[in-house]
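File shown: my_file.tsv (TSV, C-alpha atoms).
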chain	number	residue	atom	x	y	z
A	1	MET	CA	160.79	-54.71	157.59
A	2	SER	CA	160.81	-51.71	159.82
A	3	VAL	CA	157.99	-50.69	162.09
A	4	VAL	CA	158.47	-46.95	162.43
A	5	PRO	CA	154.98	-45.51	163.11
A	6	ILE	CA	153.57	-43.08	160.55
A	7	SER	CA	153.08	-40.45	163.25
A	8	TYR	CA	156.88	-40.13	163.58
A	9	TYR	CA	157.15	-39.19	159.92
A	10	LEU	CA	154.21	-36.78	160.21
A	11	VAL	CA	155.71	-35.05	163.26
A	12	LEU	CA	159.05	-34.70	161.45
A	13	SER	CA	157.18	-33.29	158.44
A	14	ALA	CA	155.36	-30.79	160.68
A	15	ILE	CA	158.64	-29.73	162.35
A	16	LEU	CA	160.33	-29.16	158.98
A	17	PHE	CA	157.31	-27.23	157.66
A	18	GLY	CA	157.26	-25.05	160.80
A	19	LEU	CA	160.98	-24.33	160.51
A	20	GLY	CA	160.46	-23.43	156.85
A	21	ALA	CA	157.64	-21.04	157.75
A	22	VAL	CA	159.82	-19.46	160.45
A	23	ALA	CA	162.65	-19.06	157.95
A	24	VAL	CA	160.37	-17.28	155.46
A	25	VAL	CA	159.51	-14.63	158.09
A	26	PHE	CA	162.96	-14.61	159.71
A	27	LYS	CA	165.29	-14.28	156.73
A	28	ARG	CA	165.87	-11.01	154.88
A	29	ASN	CA	167.76	-12.41	151.90
A	30	ILE	CA	165.47	-13.11	148.95
A	31	ILE	CA	167.41	-16.24	147.89
A	32	THR	CA	167.26	-17.71	151.42
A	33	ILE	CA	163.51	-17.05	151.60
A	34	PHE	CA	163.17	-18.94	148.33
A	35	MET	CA	165.16	-21.85	149.80
A	36	ALA	CA	162.84	-21.89	152.83
A	37	ILE	CA	159.89	-22.35	150.45
A	38	GLU	CA	161.69	-25.36	148.96
A	39	LEU	CA	162.14	-26.69	152.51
A	40	MET	CA	158.36	-26.47	153.09
A	41	LEU	CA	157.72	-28.30	149.79
A	42	ASN	CA	160.08	-31.05	150.97
A	43	ALA	CA	158.23	-31.35	154.28
A	44	VAL	CA	154.92	-31.78	152.45
A	45	ASN	CA	156.53	-34.41	150.19
A	46	LEU	CA	157.56	-36.42	153.25
A	47	ALA	CA	153.96	-36.40	154.52
A	48	PHE	CA	152.76	-37.53	151.05
A	49	VAL	CA	155.20	-40.46	150.95
A	50	ALA	CA	154.35	-41.49	154.52
A	51	PHE	CA	150.62	-41.52	153.77
A	52	ALA	CA	151.15	-43.39	150.49
A	53	ARG	CA	153.09	-46.06	152.39
A	54	ALA	CA	150.56	-46.25	155.21
A	55	HIS	CA	147.59	-46.71	152.87
A	56	GLY	CA	149.46	-48.88	150.36
A	57	GLN	CA	148.42	-46.62	147.49
A	58	ILE	CA	150.52	-45.31	144.62
A	59	ASP	CA	148.75	-41.94	144.20
A	60	GLY	CA	150.74	-40.25	146.95
A	61	LEU	CA	154.01	-41.05	145.18
A	62	VAL	CA	152.62	-39.70	141.88
A	63	PHE	CA	151.72	-36.46	143.68
A	64	VAL	CA	155.26	-36.23	145.07
A	65	PHE	CA	156.60	-36.65	141.53
A	66	PHE	CA	154.42	-33.77	140.29
A	67	VAL	CA	155.37	-31.59	143.26
A	68	ILE	CA	159.06	-32.10	142.43
A	69	VAL	CA	158.46	-31.24	138.74
A	70	VAL	CA	156.52	-28.07	139.62
A	71	ALA	CA	159.21	-27.13	142.18
A	72	ALA	CA	161.84	-27.38	139.47
A	73	ALA	CA	159.84	-25.11	137.14
A	74	GLU	CA	159.16	-22.72	140.04
A	75	ALA	CA	162.86	-22.57	140.95
A	76	ALA	CA	163.84	-21.70	137.37
A	77	VAL	CA	161.29	-18.87	137.05
A	78	GLY	CA	161.79	-17.65	140.62
A	79	LEU	CA	165.55	-17.38	140.32
A	80	ALA	CA	165.13	-15.51	137.02
A	81	ILE	CA	162.90	-13.03	138.91
A	82	VAL	CA	165.55	-12.76	141.65
A	83	ILE	CA	168.21	-11.93	139.03
A	84	THR	CA	165.96	-9.28	137.47
A	85	ILE	CA	165.19	-7.70	140.86
A	86	THR	CA	168.88	-7.61	141.74
A	87	HIS	CA	169.72	-5.95	138.43
A	88	ASN	CA	167.03	-3.31	138.95
A	89	ARG	CA	167.42	-2.59	142.70
A	90	GLN	CA	171.10	-3.52	143.29
A	91	THR	CA	170.17	-5.42	146.49
A	92	LEU	CA	169.11	-8.86	147.72
A	93	ASN	CA	167.41	-7.50	150.85
A	94	VAL	CA	163.62	-7.84	150.62
A	95	GLU	CA	163.14	-4.70	152.74
A	96	ARG	CA	164.68	-2.63	149.94
A	97	VAL	CA	162.17	-4.01	147.44
A	98	ASN	CA	159.38	-1.65	148.52
A	99	LEU	CA	158.04	-0.09	145.35
A	100	LEU	CA	154.46	-1.18	146.15
A	101	LYS	CA	154.63	-0.05	149.79
A	102	LEU	CA	152.74	3.04	150.95
B	1	MET	CA	166.31	-50.30	169.27
B	2	SER	CA	166.11	-51.82	165.81
B	3	LEU	CA	168.08	-50.62	162.81
B	4	PRO	CA	165.15	-48.82	161.04
B	5	PHE	CA	164.39	-46.87	164.21
B	6	ALA	CA	168.03	-45.88	164.60
B	7	LEU	CA	168.23	-44.88	160.92
B	8	PHE	CA	165.00	-42.88	161.20
B	9	PHE	CA	166.14	-40.95	164.27
B	10	LEU	CA	169.57	-40.28	162.76
B	11	CYS	CA	168.09	-38.91	159.52
B	12	ALA	CA	165.35	-36.99	161.34
B	13	LEU	CA	167.99	-35.38	163.55
B	14	LEU	CA	170.13	-34.49	160.52
B	15	ALA	CA	167.09	-33.00	158.74
B	16	VAL	CA	166.06	-30.84	161.72
B	17	VAL	CA	169.67	-29.72	162.31
B	18	GLY	CA	169.93	-28.79	158.63
B	19	ALA	CA	166.68	-26.80	158.78
B	20	VAL	CA	167.87	-24.93	161.91
B	21	LEU	CA	171.24	-24.25	160.24
B	22	LEU	CA	169.35	-22.80	157.25
B	23	ILE	CA	167.73	-20.27	159.61
B	24	VAL	CA	170.77	-19.30	161.69
B	25	ALA	CA	173.34	-19.14	158.87
B	26	ARG	CA	174.22	-15.59	157.82
B	27	GLU	CA	175.72	-16.46	154.44
B	28	PRO	CA	173.28	-17.68	151.75
B	29	ILE	CA	175.76	-20.32	150.57
B	30	HIS	CA	175.76	-21.88	154.07
B	31	SER	CA	171.96	-21.96	153.99
B	32	ALA	CA	172.11	-23.71	150.60
B	33	LEU	CA	174.49	-26.39	151.92
B	34	ALA	CA	172.24	-26.90	154.98
B	35	LEU	CA	169.28	-27.39	152.63
B	36	VAL	CA	171.27	-30.04	150.71
B	37	LEU	CA	171.79	-31.83	154.06
B	38	VAL	CA	168.01	-31.78	154.68
B	39	MET	CA	167.28	-33.14	151.19
B	40	MET	CA	169.86	-35.94	151.51
B	41	SER	CA	168.43	-37.13	154.84
B	42	LEU	CA	164.90	-36.94	153.40
B	43	ALA	CA	166.06	-39.17	150.52
B	44	VAL	CA	167.22	-41.77	153.06
B	45	LEU	CA	163.82	-41.51	154.78
B	46	TYR	CA	162.09	-42.14	151.42
B	47	LEU	CA	164.24	-45.28	151.01
B	48	LEU	CA	163.17	-46.31	154.52
B	49	LEU	CA	159.54	-45.86	153.43
B	50	GLY	CA	160.12	-48.11	150.41
B	51	ALA	CA	159.90	-45.36	147.76
B	52	GLU	CA	163.14	-46.00	145.82
B	53	PHE	CA	162.17	-43.99	142.74
B	54	ILE	CA	161.18	-40.92	144.77
B	55	ALA	CA	164.45	-41.18	146.71
B	56	ALA	CA	166.45	-41.23	143.46
B	57	VAL	CA	164.45	-38.31	142.02
B	58	GLN	CA	164.92	-36.41	145.28
B	59	ILE	CA	168.71	-36.67	144.99
B	60	ILE	CA	168.93	-36.14	141.22
B	61	VAL	CA	166.40	-33.31	140.81
B	62	TYR	CA	166.31	-31.59	144.23
B	63	ALA	CA	169.80	-32.04	145.68
B	64	GLY	CA	171.30	-32.09	142.19
B	65	ALA	CA	169.58	-29.79	139.72
B	66	ILE	CA	167.60	-27.33	141.86
B	67	MET	CA	170.30	-26.76	144.49
B	68	VAL	CA	172.98	-26.34	141.79
B	69	LEU	CA	170.72	-23.65	140.29
B	70	PHE	CA	170.51	-21.94	143.71
B	71	VAL	CA	174.27	-22.11	144.30
B	72	PHE	CA	174.85	-20.83	140.76
B	73	VAL	CA	172.61	-17.79	141.33
B	74	ILE	CA	174.24	-17.13	144.74
B	75	MET	CA	177.64	-17.06	143.05
B	76	LEU	CA	176.36	-15.06	140.07
B	77	LEU	CA	174.87	-12.32	142.28
B	78	ASN	CA	177.80	-12.46	144.74
B	79	ALA	CA	175.40	-12.75	147.68
B	80	GLY	CA	177.17	-11.91	150.95
B	81	VAL	CA	176.18	-11.67	154.61
B	82	GLU	CA	172.60	-10.53	154.97
B	83	GLU	CA	171.84	-7.20	156.58
B	84	ARG	CA	170.00	-6.86	159.88
B	85	THR	CA	167.80	-3.89	160.71
B	86	ASP	CA	165.35	-3.03	163.49
B	87	TRP	CA	162.56	-4.34	161.33
B	88	SER	CA	164.23	-7.71	160.94
B	89	ARG	CA	164.43	-8.06	164.75
B	90	ILE	CA	160.67	-7.47	165.00
B	91	ALA	CA	160.15	-9.92	162.17
B	92	SER	CA	162.27	-12.54	163.92
B	93	PHE	CA	160.09	-12.23	167.04
B	94	GLY	CA	156.95	-12.62	164.94
B	95	GLY	CA	158.47	-15.50	163.00
B	96	THR	CA	159.47	-17.45	166.08
B	97	THR	CA	156.04	-16.95	167.66
B	98	LEU	CA	154.34	-17.99	164.43
B	99	GLY	CA	156.49	-21.11	164.19
B	100	VAL	CA	155.85	-22.16	167.79
B	101	VAL	CA	152.09	-21.66	167.42
B	102	LEU	CA	152.04	-23.54	164.10
B	103	LEU	CA	154.02	-26.45	165.59
B	104	ALA	CA	151.82	-26.58	168.70
B	105	VAL	CA	148.60	-26.65	166.66
B	106	VAL	CA	149.88	-29.33	164.27
B	107	ALA	CA	151.30	-31.48	167.08
B	108	PHE	CA	148.04	-31.17	169.04
B	109	ARG	CA	145.95	-32.23	166.03
B	110	LEU	CA	148.32	-35.12	165.26
B	111	ALA	CA	148.25	-36.34	168.85
B	112	ARG	CA	144.44	-36.24	168.94
B	113	SER	CA	143.80	-37.86	165.55
B	114	ASP	CA	143.73	-41.62	165.02
B	115	VAL	CA	146.08	-41.39	162.03
B	116	GLY	CA	149.04	-41.36	164.39
B	117	SER	CA	148.29	-44.86	165.61
B	118	GLY	CA	148.81	-46.34	162.13
B	119	ILE	CA	152.01	-48.09	161.20
B	120	ALA	CA	153.89	-46.63	158.25
B	121	ASN	CA	155.63	-49.80	157.16
B	122	GLY	CA	155.06	-53.36	158.24
B	123	GLY	CA	151.91	-55.03	159.56
B	124	GLY	CA	148.53	-55.33	157.86
B	125	SER	CA	147.61	-55.92	154.23
B	126	SER	CA	148.54	-52.35	153.32
B	127	SER	CA	152.21	-53.00	154.04
B	128	GLN	CA	152.91	-53.98	150.42
B	129	ALA	CA	155.61	-51.61	149.21
B	130	ALA	CA	154.70	-49.73	146.03
B	131	SER	CA	157.40	-50.62	143.54
B	132	THR	CA	158.84	-48.41	140.83
B	133	ARG	CA	157.02	-50.61	138.31
B	134	ASP	CA	153.65	-49.79	139.92
B	135	LEU	CA	154.55	-46.10	139.96
B	136	SER	CA	155.45	-46.07	136.26
B	137	MET	CA	152.26	-47.96	135.39
B	138	ALA	CA	150.19	-45.36	137.26
B	139	LEU	CA	152.18	-42.49	135.74
B	140	PHE	CA	151.82	-43.63	132.12
B	141	GLN	CA	148.23	-44.92	132.27
B	142	GLN	CA	146.08	-43.26	134.90
B	143	TYR	CA	148.07	-40.01	135.11
B	144	LEU	CA	149.21	-39.80	131.47
B	145	PHE	CA	147.56	-36.43	130.75
B	146	PRO	CA	148.98	-34.64	133.84
B	147	PHE	CA	152.37	-36.17	133.03
B	148	GLU	CA	152.29	-34.75	129.50
B	149	ALA	CA	151.00	-31.44	130.84
B	150	THR	CA	154.10	-31.12	133.04
B	151	SER	CA	156.28	-31.17	129.91
B	152	ILE	CA	154.38	-28.12	128.64
B	153	LEU	CA	154.81	-26.53	132.07
B	154	ILE	CA	158.58	-27.11	132.00
B	155	LEU	CA	158.76	-25.65	128.48
B	156	ILE	CA	156.88	-22.52	129.56
B	157	ALA	CA	159.12	-22.24	132.65
B	158	ILE	CA	162.26	-22.36	130.47
B	159	LEU	CA	160.87	-19.67	128.16
B	160	GLY	CA	159.77	-17.55	131.13
B	161	ALA	CA	163.17	-17.81	132.79
B	162	LEU	CA	164.89	-16.81	129.54
B	163	VAL	CA	162.61	-13.81	129.01
B	164	LEU	CA	162.88	-12.64	132.65
B	165	ALA	CA	166.64	-12.97	133.03
B	166	ARG	CA	167.43	-11.43	129.65
B	167	LYS	CA	169.41	-8.21	129.70
B	168	ASP	CA	167.53	-5.23	128.29
B	169	GLU	CA	169.31	-3.77	125.29

Go ahead and express the file in the form of structure tokens.
Amino acid sequence: MSVVPISYYLVLSAILFGLGAVAVVFKRNIITIFMAIELMLNAVNLAFVAFARAHGQIDGLVFVFFVIVVAAAEAAVGLAIVITITHNRQTLNVERVNLLKL
Amino acid sequence: MSLPFALFFLCALLAVVGAVLLIVAREPIHSALALVLVMMSLAVLYLLLGAEFIAAVQIIVYAGAIMVLFVFVIMLLNAGVEERTDWSRIASFGGTTLGVVLLAVVAFRLARSDVGSGIANGGGSSSQAASTRDLSMALFQQYLFPFEATSILILIAILGALVLARKDE
């Protein structure tokens, strides 16, 4: 069996989460921002699996399963919202979606 | 360097490169393909951690279903190169600063905590890999109610997506 320390996985998870957070602020396209949120969910999943393995407990894997299910539901509803916004505003740029701005 | 280490560093590198490509790509479809790369390498890492079922679900649901949905919407809306304005340059400064600070804080906490000294796989009594059988037992006994609740959640999500994306007559 392998002996990769858990801290390696956690650091990789932190790096991916940070890049996802940067992408949310950096990107202007509403679909790409949505993909960055999925990236952050993936990073958290990696931390869950690493902890489940380190502690020899199954609960972490069950949580990952539920996170994936909720992400699927979220993607379906979120992309429906994206389609509605695009039909109403004729743009994918989040800066043009400013109806609630002062 | 042993094979697991080499595999870990290869997949970690692929995942980070994919995440960076997601940020720098101008076309949304390129970002989507970069995200598929990240998800594939994460699936290999799950295999390395002994979570076969999660690795399979990662490929089938994430890289398969969810990303196909994203690519489908990108094609449906004909999403092209994203626009850049003065505001987006300010936002990119803020975003980079935010990311660096976030990474520094997390890395500092990880380096100081004793959780980093643990071994993810191998060594100790906790090294027993959780099999798919154990996972299904937990899912259908201890977590039966949340599992059934997710089916309601999926149903509501389908209905919500239908109602939201419907064309007004």

Nearest residue to chain A out of B:Val24, B:Ala157, B:Leu7, B:Leu144, using only C-alpha atoms?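 Residue with the minimum atom-to-atom distance to chain A: B:Ala157.
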
As a ChimeraX atom specification, could you give me every residue of chain A near chain B (at most 7 Å apart, counting all atoms listed in the file)? /A:1-7,11-12,14-16,18-19,21-23,25-26,28-29,32,50,53-56,58,62,72-73,75-77,80-81,83-84

Just-selected residues, C-alpha atoms written as a compact mmCIF listing (two decimals), in the coordinates of the input:
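Final output, out-v2.txt:
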# COMPACT_ATOMS: atom_id res chain seq x y z
CA MET A 1 160.79 -54.71 157.59
CA SER A 2 160.81 -51.71 159.82
CA VAL A 3 157.99 -50.69 162.09
CA VAL A 4 158.47 -46.95 162.43
CA PRO A 5 154.98 -45.51 163.11
CA ILE A 6 153.57 -43.08 160.55
CA SER A 7 153.08 -40.45 163.25
CA VAL A 11 155.71 -35.05 163.26
CA LEU A 12 159.05 -34.70 161.45
CA ALA A 14 155.36 -30.79 160.68
CA ILE A 15 158.64 -29.73 162.35
CA LEU A 16 160.33 -29.16 158.98
CA GLY A 18 157.26 -25.05 160.80
CA LEU A 19 160.98 -24.33 160.51
CA ALA A 21 157.64 -21.04 157.75
CA VAL A 22 159.82 -19.46 160.45
CA ALA A 23 162.65 -19.06 157.95
CA VAL A 25 159.51 -14.63 158.09
CA PHE A 26 162.96 -14.61 159.71
CA ARG A 28 165.87 -11.01 154.88
CA ASN A 29 167.76 -12.41 151.90
CA THR A 32 167.26 -17.71 151.42
CA ALA A 50 154.35 -41.49 154.52
CA ARG A 53 153.09 -46.06 152.39
CA ALA A 54 150.56 -46.25 155.21
CA HIS A 55 147.59 -46.71 152.87
CA GLY A 56 149.46 -48.88 150.36
CA ILE A 58 150.52 -45.31 144.62
CA VAL A 62 152.62 -39.70 141.88
CA ALA A 72 161.84 -27.38 139.47
CA ALA A 73 159.84 -25.11 137.14
CA ALA A 75 162.86 -22.57 140.95
CA ALA A 76 163.84 -21.70 137.37
CA VAL A 77 161.29 -18.87 137.05
CA ALA A 80 165.13 -15.51 137.02
CA ILE A 81 162.90 -13.03 138.91
CA ILE A 83 168.21 -11.93 139.03
CA THR A 84 165.96 -9.28 137.47

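CA of Ile30 in chain A sits 14.1 Å away from CA of Asn88 in chain A.
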
Spatial neighbours of Val97 in chain A, 10 Å, all atoms listed in the file, chain gap at least 4 places, as a list in words: Ile30, Ile85, Thr86, Asn88, Arg89, Gln90, Thr91, Leu92, Asn93 and Lys101 of chain A

Find the distance between CA of Phe48 in chain A and CA of Phe63 in chain A and write it in Å to one decimal.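 Interatomic distance here is 7.5 Å.
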
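Between CA of Ala149 in chain B and CA of Ile31 in chain A the interatomic distance comes to 28.1 Å.
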
Pick from B:Val68, B:Met75, B:Cys11, B:Ala55, whichever lies nearest to Leu61 in chain A using only C-alpha atoms: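 Between B:Val68, B:Met75, B:Cys11, B:Ala55, the residue approaching Leu61 in chain A most closely is B:Ala55.
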
If you take every atom of range 68-84 of chain B that the file lists and fit an axis-aligned box around them with 3 Å extra on each side, what centre and edge lengths come out in Å to one decimal, as JSON?
{"center_x": 173.9, "center_y": -16.6, "center_z": 150.0, "size_x": 13.8, "size_y": 25.5, "size_z": 25.8}

List the spatial neighbours of Val64 in chain A as number ranges by chain - criterion: any atom at most 7 Å away, all atoms listed in the file, same-chain residues fewer than 4 positions off excluded. A: 45, 48, 60, 68
